[in-house]
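File shown here: data_6.txt, holding compact mmCIF, C-alpha atoms and all ligand atoms.
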# COMPACT_ATOMS: atom_id res chain seq x y z
CA MET A 1 94.50 117.28 107.18
CA LYS A 2 95.69 120.68 106.12
CA ILE A 3 95.02 121.37 102.42
CA VAL A 4 96.86 123.97 100.37
CA ILE A 5 95.58 124.52 96.81
CA THR A 6 98.04 126.23 94.51
CA LYS A 7 97.65 127.71 91.04
CA SER A 8 100.38 125.72 89.33
CA TYR A 9 103.00 122.99 89.62
CA GLU A 10 105.61 125.68 90.26
CA GLU A 11 103.63 127.12 93.14
CA MET A 12 103.01 123.63 94.57
CA SER A 13 106.77 122.96 94.45
CA GLU A 14 107.54 126.31 96.08
CA GLU A 15 105.16 125.64 98.94
CA ALA A 16 106.61 122.14 99.44
CA PHE A 17 110.12 123.59 99.43
CA ARG A 18 109.16 126.14 102.09
CA LEU A 19 107.88 123.37 104.37
CA VAL A 20 110.91 121.08 103.88
CA LYS A 21 113.41 123.90 104.29
CA ALA A 22 111.77 124.92 107.57
CA VAL A 23 112.37 121.38 108.89
CA VAL A 24 116.04 121.44 107.81
CA LYS A 25 116.60 124.87 109.34
CA GLU A 26 114.91 123.95 112.59
CA ASN A 27 116.88 120.72 112.96
CA PRO A 28 120.12 120.38 110.95
CA GLU A 29 120.14 116.68 111.93
CA ALA A 30 116.59 116.01 110.76
CA VAL A 31 115.51 112.81 109.04
CA LEU A 32 113.83 113.50 105.70
CA GLY A 33 111.60 110.81 104.19
CA LEU A 34 111.85 111.21 100.41
CA ALA A 35 109.87 110.09 97.39
CA THR A 36 110.61 109.53 93.72
CA GLY A 37 108.39 110.19 90.72
CA THR A 38 107.91 113.30 88.64
CA THR A 39 105.86 115.12 91.30
CA PRO A 40 108.71 116.05 93.70
CA LEU A 41 111.15 117.10 90.94
CA GLY A 42 110.28 120.80 91.37
CA LEU A 43 110.82 120.51 95.12
CA TYR A 44 114.21 118.82 94.63
CA ALA A 45 115.30 121.43 92.07
CA ARG A 46 114.50 124.15 94.61
CA MET A 47 116.40 122.37 97.40
CA ALA A 48 119.43 122.08 95.09
CA GLU A 49 119.22 125.71 94.01
CA ASP A 50 118.81 126.92 97.59
CA HIS A 51 121.85 124.90 98.65
CA ARG A 52 123.92 126.30 95.77
CA ARG A 53 122.92 129.92 96.21
CA GLY A 54 121.72 130.16 99.81
CA GLY A 55 124.10 127.65 101.39
CA THR A 56 121.54 125.63 103.33
CA SER A 57 123.60 122.70 104.57
CA TYR A 58 122.58 119.05 104.54
CA ARG A 59 125.76 117.71 106.17
CA GLY A 60 123.92 116.49 109.24
CA ILE A 61 120.71 115.50 107.44
CA ARG A 62 119.78 111.86 107.01
CA THR A 63 117.29 110.52 104.48
CA VAL A 64 115.16 107.43 103.97
CA ASN A 65 113.46 106.70 100.67
CA LEU A 66 110.10 105.09 100.20
CA ASP A 67 110.76 102.39 97.66
CA GLU A 68 112.88 100.75 94.96
CA TYR A 69 112.29 98.43 92.02
CA VAL A 70 113.36 94.82 92.51
CA GLY A 71 116.23 93.99 90.17
CA LEU A 72 117.44 97.56 89.66
CA GLY A 73 120.45 99.14 91.37
CA PRO A 74 122.67 102.22 91.15
CA GLY A 75 123.93 101.12 87.71
CA SER A 76 120.46 101.42 86.16
CA ASP A 77 119.18 104.87 85.22
CA GLN A 78 115.63 103.67 85.97
CA SER A 79 116.41 102.76 89.58
CA TYR A 80 115.23 105.03 92.35
CA VAL A 81 118.72 105.13 93.89
CA TYR A 82 119.98 106.58 90.57
CA PHE A 83 117.03 109.01 90.45
CA MET A 84 117.79 110.34 93.93
CA ARG A 85 121.49 110.83 93.22
CA LYS A 86 120.83 112.53 89.91
CA ASN A 87 117.99 114.79 90.99
CA LEU A 88 118.93 115.61 94.57
CA PHE A 89 121.82 114.11 96.47
CA SER A 90 124.59 115.00 93.99
CA HIS A 91 123.53 118.66 94.26
CA LEU A 92 123.72 118.81 98.07
CA ASP A 93 126.48 118.42 100.65
CA ILE A 94 124.66 115.45 102.15
CA LEU A 95 126.92 112.51 103.08
CA PRO A 96 126.19 109.49 100.86
CA GLU A 97 126.29 107.19 103.90
CA ASN A 98 123.42 109.18 105.40
CA THR A 99 121.09 108.46 102.47
CA HIS A 100 119.14 105.23 102.71
CA ILE A 101 117.09 103.36 100.18
CA ALA A 102 116.09 99.71 100.09
CA ASN A 103 118.43 97.61 97.93
CA GLY A 104 116.59 96.29 94.88
CA LEU A 105 119.53 93.98 94.14
CA ALA A 106 119.60 92.29 97.55
CA PRO A 107 119.95 88.50 97.11
CA ASP A 108 117.50 87.87 99.97
CA LEU A 109 114.58 90.27 99.65
CA ALA A 110 112.88 89.18 102.88
CA GLU A 111 116.10 89.89 104.79
CA GLU A 112 116.42 93.25 103.02
CA CYS A 113 112.88 94.20 104.10
CA ALA A 114 113.69 93.22 107.69
CA ARG A 115 116.92 95.25 107.58
CA TYR A 116 115.12 98.30 106.22
CA ASN A 117 112.44 98.04 108.90
CA ARG A 118 115.06 97.91 111.63
CA LEU A 119 116.68 100.99 110.14
CA LEU A 120 113.36 102.86 109.99
CA GLU A 121 112.77 102.12 113.64
CA THR A 122 115.91 104.10 114.46
CA MET A 123 115.13 106.91 112.00
CA GLN A 124 111.70 108.42 112.55
CA GLN A 125 111.05 110.82 109.67
CA ASP A 126 110.73 114.44 110.80
CA ILE A 127 108.88 114.95 107.55
CA GLN A 128 107.84 112.37 104.97
CA VAL A 129 107.36 113.64 101.40
CA LEU A 130 104.88 111.66 99.33
CA GLY A 131 103.40 111.64 95.86
CA ILE A 132 100.26 109.69 95.03
CA GLY A 133 99.57 107.12 92.32
CA SER A 134 96.51 107.57 90.11
CA ASN A 135 95.02 104.52 91.88
CA GLY A 136 95.60 106.10 95.31
CA HIS A 137 98.82 104.26 96.13
CA ILE A 138 101.51 105.87 98.28
CA ALA A 139 105.07 104.61 97.87
CA PHE A 140 104.27 101.26 96.22
CA ASN A 141 101.48 100.37 98.62
CA GLU A 142 98.86 99.29 96.12
CA PRO A 143 95.10 99.08 96.83
CA GLY A 144 94.41 96.30 99.32
CA THR A 145 97.65 96.76 101.29
CA PRO A 146 96.97 96.42 105.04
CA PHE A 147 97.30 99.66 107.03
CA GLY A 148 99.54 97.76 109.46
CA SER A 149 102.08 96.86 106.76
CA GLU A 150 105.81 97.41 107.14
CA THR A 151 108.53 97.23 104.45
CA HIS A 152 107.59 94.46 102.04
CA VAL A 153 107.94 93.13 98.51
CA VAL A 154 105.02 94.08 96.31
CA ALA A 155 103.73 92.92 92.93
CA LEU A 156 102.92 96.16 91.11
CA ALA A 157 99.34 96.79 89.97
CA GLU A 158 98.75 96.73 86.20
CA SER A 159 97.72 100.41 86.33
CA THR A 160 101.00 101.33 88.07
CA ILE A 161 103.02 99.44 85.45
CA ARG A 162 101.15 101.35 82.73
CA ASP A 163 101.56 104.72 84.53
CA ASN A 164 105.28 104.20 85.08
CA ALA A 165 105.93 102.82 81.58
CA ARG A 166 106.30 106.39 80.32
CA LEU A 167 109.65 106.52 82.09
CA PHE A 168 110.94 103.32 80.44
CA ALA A 169 111.78 102.57 76.81
CA ARG A 170 109.11 99.84 76.67
CA GLU A 171 106.29 98.75 78.99
CA GLU A 172 107.93 95.27 79.20
CA ASP A 173 110.96 96.93 80.81
CA VAL A 174 109.02 98.10 83.89
CA PRO A 175 109.93 95.78 86.79
CA ARG A 176 106.92 93.83 88.05
CA LYS A 177 108.03 93.93 91.67
CA ALA A 178 109.28 96.51 94.13
CA LEU A 179 110.39 96.91 97.73
CA THR A 180 108.33 99.48 99.57
CA MET A 181 107.97 101.01 102.98
CA GLY A 182 104.63 99.91 104.40
CA LEU A 183 101.77 102.16 105.41
CA LYS A 184 102.69 101.77 109.08
CA ASN A 185 106.23 103.02 108.34
CA ILE A 186 104.78 106.06 106.56
CA MET A 187 102.29 106.80 109.33
CA HIS A 188 105.19 106.69 111.82
CA ALA A 189 106.54 109.98 110.42
CA ARG A 190 106.16 113.02 112.67
CA ARG A 191 104.80 114.98 109.76
CA VAL A 192 103.57 114.03 106.29
CA LEU A 193 103.68 116.24 103.19
CA ILE A 194 101.77 114.82 100.23
CA LEU A 195 101.98 116.46 96.82
CA ALA A 196 99.81 116.02 93.73
CA ASN A 197 99.50 117.82 90.46
CA GLY A 198 97.58 117.35 87.23
CA ALA A 199 94.07 116.19 86.39
CA GLY A 200 95.19 112.55 86.35
CA LYS A 201 95.47 112.69 90.15
CA ALA A 202 92.12 114.40 90.82
CA LYS A 203 90.18 111.22 91.54
CA ALA A 204 92.83 109.83 93.90
CA VAL A 205 93.11 113.21 95.68
CA CYS A 206 89.33 113.32 96.13
CA GLY A 207 89.42 109.82 97.68
CA LEU A 208 92.34 110.82 99.89
CA VAL A 209 90.51 113.86 101.29
CA ARG A 210 86.82 113.04 101.10
CA GLY A 211 86.56 109.28 100.69
CA ALA A 212 86.20 106.56 103.27
CA VAL A 213 89.33 105.50 105.11
CA THR A 214 89.81 102.22 103.30
CA GLU A 215 92.62 99.89 102.30
CA GLN A 216 91.18 100.08 98.78
CA LEU A 217 92.60 103.62 98.60
CA PRO A 218 95.88 103.41 100.54
CA ALA A 219 96.41 107.20 100.74
CA SER A 220 93.14 107.54 102.70
CA VAL A 221 95.00 106.28 105.78
CA LEU A 222 96.55 109.76 105.95
CA GLN A 223 93.20 111.08 107.20
CA LEU A 224 94.24 109.41 110.46
CA HIS A 225 97.65 111.13 110.64
CA PRO A 226 97.87 113.90 113.25
CA ASP A 227 100.04 116.21 111.11
CA CYS A 228 99.47 115.80 107.39
CA THR A 229 99.61 118.58 104.79
CA LEU A 230 98.36 118.10 101.23
CA VAL A 231 99.69 120.55 98.65
CA VAL A 232 97.93 120.29 95.28
CA ASP A 233 97.59 122.30 92.13
CA GLU A 234 94.16 123.34 90.89
CA ALA A 235 93.91 120.51 88.37
CA ALA A 236 94.52 117.83 91.01
CA ALA A 237 92.10 119.63 93.37
CA SER A 238 89.35 119.89 90.75
CA LEU A 239 87.10 117.23 92.32
CA LEU A 240 87.40 118.51 95.90
C1 LIG B 301 105.44 105.72 91.75
C2 LIG B 301 106.13 105.86 93.11
C3 LIG B 301 105.34 106.72 94.06
C4 LIG B 301 104.89 107.98 93.34
C5 LIG B 301 103.95 107.64 92.22
C6 LIG B 301 103.50 108.86 91.44
O1 LIG B 301 104.70 104.57 91.59
N1 LIG B 301 106.43 104.62 93.74
O2 LIG B 301 106.12 107.01 95.20
O3 LIG B 301 104.23 108.83 94.25
O4 LIG B 301 104.59 106.75 91.33
O5 LIG B 301 104.45 109.22 90.48
P1 LIG B 301 104.50 110.59 89.76
O6 LIG B 301 104.94 111.60 90.77
O7 LIG B 301 105.50 110.43 88.66
O8 LIG B 301 103.12 110.87 89.26

Would you mind writing the structure in this file as structure tokens?
Amino acid sequence: MKIVITKSYEEMSEEAFRLVKAVVKENPEAVLGLATGTTPLGLYARMAEDHRRGGTSYRGIRTVNLDEYVGLGPGSDQSYVYFMRKNLFSHLDILPENTHIANGLAPDLAEECARYNRLLETMQQDIQVLGIGSNGHIAFNEPGTPFGSETHVVALAESTIRDNARLFAREEDVPRKALTMGLKNIMHARRVLILANGAGKAKAVCGLVRGAVTEQLPASVLQLHPDCTLVVDEAAASLL
């Protein structure tokens, strides 16, 4: 694993942007695997700004997102599909039909997982952007998720519900379930870029880099990926 320690969140976002832009420039039809959460916001702001000022085009780019809350759709400002439109897609010339995210409103969730898996098989990510949960989860793969997992429905860990409650009016509003790409789907990416900032991520980052490869810390599976880059700020790297 390649590790880049940066001085600040801004520098972390700049470095991530450099890596993602290189992929887009090298292959204008690349598949980008994208993440939600507060961590990649600086990256997405830079991609939007670069498109606006520098004209980098996303017309041939396709995207797949990691996860979505069950029960939330484009009409909810807490859904991940809404987040992606608001923070990234609406600022680019990407074609809406080329952006993919599991449907949290699907009437048959098992069928939706199967559909998303079939789609992922045809869309290997040229780069997969990831954040990390404070408990070491990636996407919504909570501790204990098998490394061989594919897209599935997950019951969110109590700690994840608490962490994510800050983005909802009340903790009771946080959905208890989500659809998530599995660890196998993430490991299938040609390249992985994992970002972390802030002291609250230090323990998980330490486990990711130095800990045992264990399903108890899902992100540790990335130690087995042939091309994974971790970009962290100093606070998140403080236990390394
Ligand atoms: C959520 C998402 C993850 C994300 C994590 C960290 O649970 N499903 O994909 O990496 O939270 O979020 P944040 O970047 O806001 O710290």

Using all atoms listed in the file, which residue out of A:Lys21, A:Lys7, A:Arg190, A:His91 lies closest to Ala45 of chain A?
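Ranked by minimum distance to Ala45 of chain A, first place goes to A:His91.
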
Can you tell me which residues sit at most 7 Å away from ligand LIG 301 (chain B), counting all atoms listed in the file, written as number ranges by chain?
A: 35-40, 66-67, 130-133, 138-140, 160, 164

Identify, on the basis of all atoms listed in the file, every residue whose closest approach to Ser76 of chain A does not exceed 12 Å; exclude the query and any residue fewer than 5 positions from it along the same chain; express the result as an MDAnalysis selection string.
chainID A and resid 68:71 81:83 85:86 104:105 168 173 175

Please provide the set of residues having any atom within 10 Å of Pro226 of chain A, restricted to all atoms listed in the file, with same-chain residues fewer than 2 positions apart removed, written as a ChimeraX atom specification.
/A:1,187,189-192,222-224,228-229

Pull C-alpha atoms from the residues just selected and write them as a tab-separated table (two decimals), in the frame of the given file.
chain	number	residue	atom	x	y	z
A	1	MET	CA	94.50	117.28	107.18
A	187	MET	CA	102.29	106.80	109.33
A	189	ALA	CA	106.54	109.98	110.42
A	190	ARG	CA	106.16	113.02	112.67
A	191	ARG	CA	104.80	114.98	109.76
A	192	VAL	CA	103.57	114.03	106.29
A	222	LEU	CA	96.55	109.76	105.95
A	223	GLN	CA	93.20	111.08	107.20
A	224	LEU	CA	94.24	109.41	110.46
A	228	CYS	CA	99.47	115.80	107.39
A	229	THR	CA	99.61	118.58	104.79

Atomic separation - atom CA of Ser13 of chain A relative to atom CA of Tyr44 of chain A, Å:
8.5 Å

Within 7 Å of Gly33 of chain A using all atoms listed in the file, minus same-chain residues under 4 positions, as a compact mmCIF listing (two decimals) with C-alpha atoms, keeping the file's coordinate frame:
# COMPACT_ATOMS: atom_id res chain seq x y z
CA THR A 63 117.29 110.52 104.48
CA VAL A 64 115.16 107.43 103.97
CA ASN A 65 113.46 106.70 100.67
CA GLN A 125 111.05 110.82 109.67
CA ILE A 127 108.88 114.95 107.55
CA GLN A 128 107.84 112.37 104.97
CA VAL A 129 107.36 113.64 101.40

Could you name the residues that touch His51 of chain A at 12 Å or less, counting only C-alpha atoms, but leaving out those on the same chain fewer than 3 positions away, as a ChimeraX atom specification?
/A:17,21,24-25,44-48,54-59,88-94

Residues of the last selection are to be written out with C-alpha atoms, as a PDB file, in the coordinates of the input.
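Below is the file that was written, result-v1.pdb:
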ATOM      1  CA  PHE A  17     110.120 123.590  99.430  1.00  0.00           C
ATOM      2  CA  LYS A  21     113.410 123.900 104.290  1.00  0.00           C
ATOM      3  CA  VAL A  24     116.040 121.440 107.810  1.00  0.00           C
ATOM      4  CA  LYS A  25     116.600 124.870 109.340  1.00  0.00           C
ATOM      5  CA  TYR A  44     114.210 118.820  94.630  1.00  0.00           C
ATOM      6  CA  ALA A  45     115.300 121.430  92.070  1.00  0.00           C
ATOM      7  CA  ARG A  46     114.500 124.150  94.610  1.00  0.00           C
ATOM      8  CA  MET A  47     116.400 122.370  97.400  1.00  0.00           C
ATOM      9  CA  ALA A  48     119.430 122.080  95.090  1.00  0.00           C
ATOM     10  CA  GLY A  54     121.720 130.160  99.810  1.00  0.00           C
ATOM     11  CA  GLY A  55     124.100 127.650 101.390  1.00  0.00           C
ATOM     12  CA  THR A  56     121.540 125.630 103.330  1.00  0.00           C
ATOM     13  CA  SER A  57     123.600 122.700 104.570  1.00  0.00           C
ATOM     14  CA  TYR A  58     122.580 119.050 104.540  1.00  0.00           C
ATOM     15  CA  ARG A  59     125.760 117.710 106.170  1.00  0.00           C
ATOM     16  CA  LEU A  88     118.930 115.610  94.570  1.00  0.00           C
ATOM     17  CA  PHE A  89     121.820 114.110  96.470  1.00  0.00           C
ATOM     18  CA  SER A  90     124.590 115.000  93.990  1.00  0.00           C
ATOM     19  CA  HIS A  91     123.530 118.660  94.260  1.00  0.00           C
ATOM     20  CA  LEU A  92     123.720 118.810  98.070  1.00  0.00           C
ATOM     21  CA  ASP A  93     126.480 118.420 100.650  1.00  0.00           C
ATOM     22  CA  ILE A  94     124.660 115.450 102.150  1.00  0.00           C
TER      23      ILE A  94
END

Add whatever atoms are absent from segment 160-171 of chain A to reach all heavy atoms, and provide the output as an mmCIF file, keeping the file's coordinate frame.
data_model
loop_
_atom_site.group_PDB
_atom_site.id
_atom_site.type_symbol
_atom_site.label_atom_id
_atom_site.label_comp_id
_atom_site.auth_asym_id
_atom_site.auth_seq_id
_atom_site.Cartn_x
_atom_site.Cartn_y
_atom_site.Cartn_z
ATOM 1 N N THR A 160 99.724 100.693 87.701
ATOM 2 C CA THR A 160 101.000 101.330 88.070
ATOM 3 C C THR A 160 102.051 101.040 87.005
ATOM 4 O O THR A 160 102.818 101.924 86.620
ATOM 5 C CB THR A 160 101.464 100.788 89.444
ATOM 6 O OG1 THR A 160 100.465 101.116 90.412
ATOM 7 C CG2 THR A 160 102.801 101.371 89.861
ATOM 8 N N ILE A 161 102.060 99.793 86.505
ATOM 9 C CA ILE A 161 103.020 99.440 85.450
ATOM 10 C C ILE A 161 102.769 100.311 84.223
ATOM 11 O O ILE A 161 103.697 100.870 83.638
ATOM 12 C CB ILE A 161 102.919 97.926 85.121
ATOM 13 C CG1 ILE A 161 103.397 97.115 86.339
ATOM 14 C CG2 ILE A 161 103.728 97.579 83.873
ATOM 15 C CD1 ILE A 161 103.085 95.646 86.287
ATOM 16 N N ARG A 162 101.493 100.493 83.888
ATOM 17 C CA ARG A 162 101.150 101.350 82.730
ATOM 18 C C ARG A 162 101.563 102.803 82.992
ATOM 19 O O ARG A 162 102.182 103.450 82.158
ATOM 20 C CB ARG A 162 99.654 101.285 82.436
ATOM 21 C CG ARG A 162 99.252 100.142 81.517
ATOM 22 C CD ARG A 162 97.866 100.358 80.936
ATOM 23 N NE ARG A 162 96.871 100.701 81.942
ATOM 24 C CZ ARG A 162 96.210 99.821 82.698
ATOM 25 N NH1 ARG A 162 96.423 98.524 82.548
ATOM 26 N NH2 ARG A 162 95.326 100.216 83.601
ATOM 27 N N ASP A 163 101.223 103.327 84.186
ATOM 28 C CA ASP A 163 101.560 104.720 84.530
ATOM 29 C C ASP A 163 103.068 104.952 84.450
ATOM 30 O O ASP A 163 103.528 105.973 83.960
ATOM 31 C CB ASP A 163 101.129 105.064 85.973
ATOM 32 C CG ASP A 163 99.629 105.310 86.101
ATOM 33 O OD1 ASP A 163 98.933 105.336 85.062
ATOM 34 O OD2 ASP A 163 99.155 105.476 87.244
ATOM 35 N N ASN A 164 103.831 104.004 84.982
ATOM 36 C CA ASN A 164 105.280 104.200 85.080
ATOM 37 C C ASN A 164 106.009 103.854 83.798
ATOM 38 O O ASN A 164 107.187 104.179 83.641
ATOM 39 C CB ASN A 164 105.846 103.418 86.273
ATOM 40 C CG ASN A 164 105.401 104.039 87.598
ATOM 41 O OD1 ASN A 164 104.673 105.024 87.608
ATOM 42 N ND2 ASN A 164 105.840 103.482 88.706
ATOM 43 N N ALA A 165 105.298 103.223 82.847
ATOM 44 C CA ALA A 165 105.930 102.820 81.580
ATOM 45 C C ALA A 165 106.448 104.026 80.814
ATOM 46 O O ALA A 165 107.401 103.922 80.052
ATOM 47 C CB ALA A 165 104.936 102.040 80.724
ATOM 48 N N ARG A 166 105.861 105.200 81.043
ATOM 49 C CA ARG A 166 106.300 106.390 80.320
ATOM 50 C C ARG A 166 107.765 106.734 80.602
ATOM 51 O O ARG A 166 108.397 107.445 79.838
ATOM 52 C CB ARG A 166 105.395 107.592 80.639
ATOM 53 C CG ARG A 166 105.570 108.144 82.043
ATOM 54 C CD ARG A 166 104.515 109.205 82.357
ATOM 55 N NE ARG A 166 104.813 109.934 83.569
ATOM 56 C CZ ARG A 166 104.621 109.475 84.800
ATOM 57 N NH1 ARG A 166 104.106 108.267 84.987
ATOM 58 N NH2 ARG A 166 104.933 110.212 85.844
ATOM 59 N N LEU A 167 108.270 106.218 81.708
ATOM 60 C CA LEU A 167 109.650 106.520 82.090
ATOM 61 C C LEU A 167 110.633 105.439 81.601
ATOM 62 O O LEU A 167 111.829 105.546 81.806
ATOM 63 C CB LEU A 167 109.754 106.673 83.610
ATOM 64 C CG LEU A 167 108.761 107.703 84.206
ATOM 65 C CD1 LEU A 167 108.732 107.609 85.723
ATOM 66 C CD2 LEU A 167 109.115 109.127 83.770
ATOM 67 N N PHE A 168 110.097 104.401 80.963
ATOM 68 C CA PHE A 168 110.940 103.320 80.440
ATOM 69 C C PHE A 168 110.834 103.287 78.919
ATOM 70 O O PHE A 168 109.869 103.801 78.350
ATOM 71 C CB PHE A 168 110.460 101.967 81.002
ATOM 72 C CG PHE A 168 110.764 101.773 82.461
ATOM 73 C CD1 PHE A 168 109.974 102.379 83.440
ATOM 74 C CD2 PHE A 168 111.832 100.986 82.876
ATOM 75 C CE1 PHE A 168 110.251 102.216 84.789
ATOM 76 C CE2 PHE A 168 112.112 100.819 84.231
ATOM 77 C CZ PHE A 168 111.319 101.426 85.186
ATOM 78 N N ALA A 169 111.807 102.660 78.273
ATOM 79 C CA ALA A 169 111.780 102.570 76.810
ATOM 80 C C ALA A 169 110.543 101.789 76.361
ATOM 81 O O ALA A 169 109.857 102.167 75.414
ATOM 82 C CB ALA A 169 113.059 101.910 76.309
ATOM 83 N N ARG A 170 110.263 100.670 77.037
ATOM 84 C CA ARG A 170 109.110 99.840 76.670
ATOM 85 C C ARG A 170 108.388 99.401 77.940
ATOM 86 O O ARG A 170 109.031 99.229 78.982
ATOM 87 C CB ARG A 170 109.574 98.575 75.937
ATOM 88 C CG ARG A 170 110.291 98.846 74.621
ATOM 89 C CD ARG A 170 110.939 97.578 74.098
ATOM 90 N NE ARG A 170 111.731 96.926 75.150
ATOM 91 C CZ ARG A 170 112.128 95.676 75.122
ATOM 92 N NH1 ARG A 170 111.831 94.904 74.115
ATOM 93 N NH2 ARG A 170 112.856 95.173 76.121
ATOM 94 N N GLU A 171 107.065 99.171 77.813
ATOM 95 C CA GLU A 171 106.290 98.750 78.990
ATOM 96 C C GLU A 171 106.860 97.446 79.594
ATOM 97 O O GLU A 171 106.861 97.260 80.806
ATOM 98 C CB GLU A 171 104.812 98.585 78.618
ATOM 99 C CG GLU A 171 103.925 98.393 79.845
ATOM 100 C CD GLU A 171 102.437 98.518 79.550
ATOM 101 O OE1 GLU A 171 102.042 99.459 78.839
ATOM 102 O OE2 GLU A 171 101.674 97.654 80.047
#
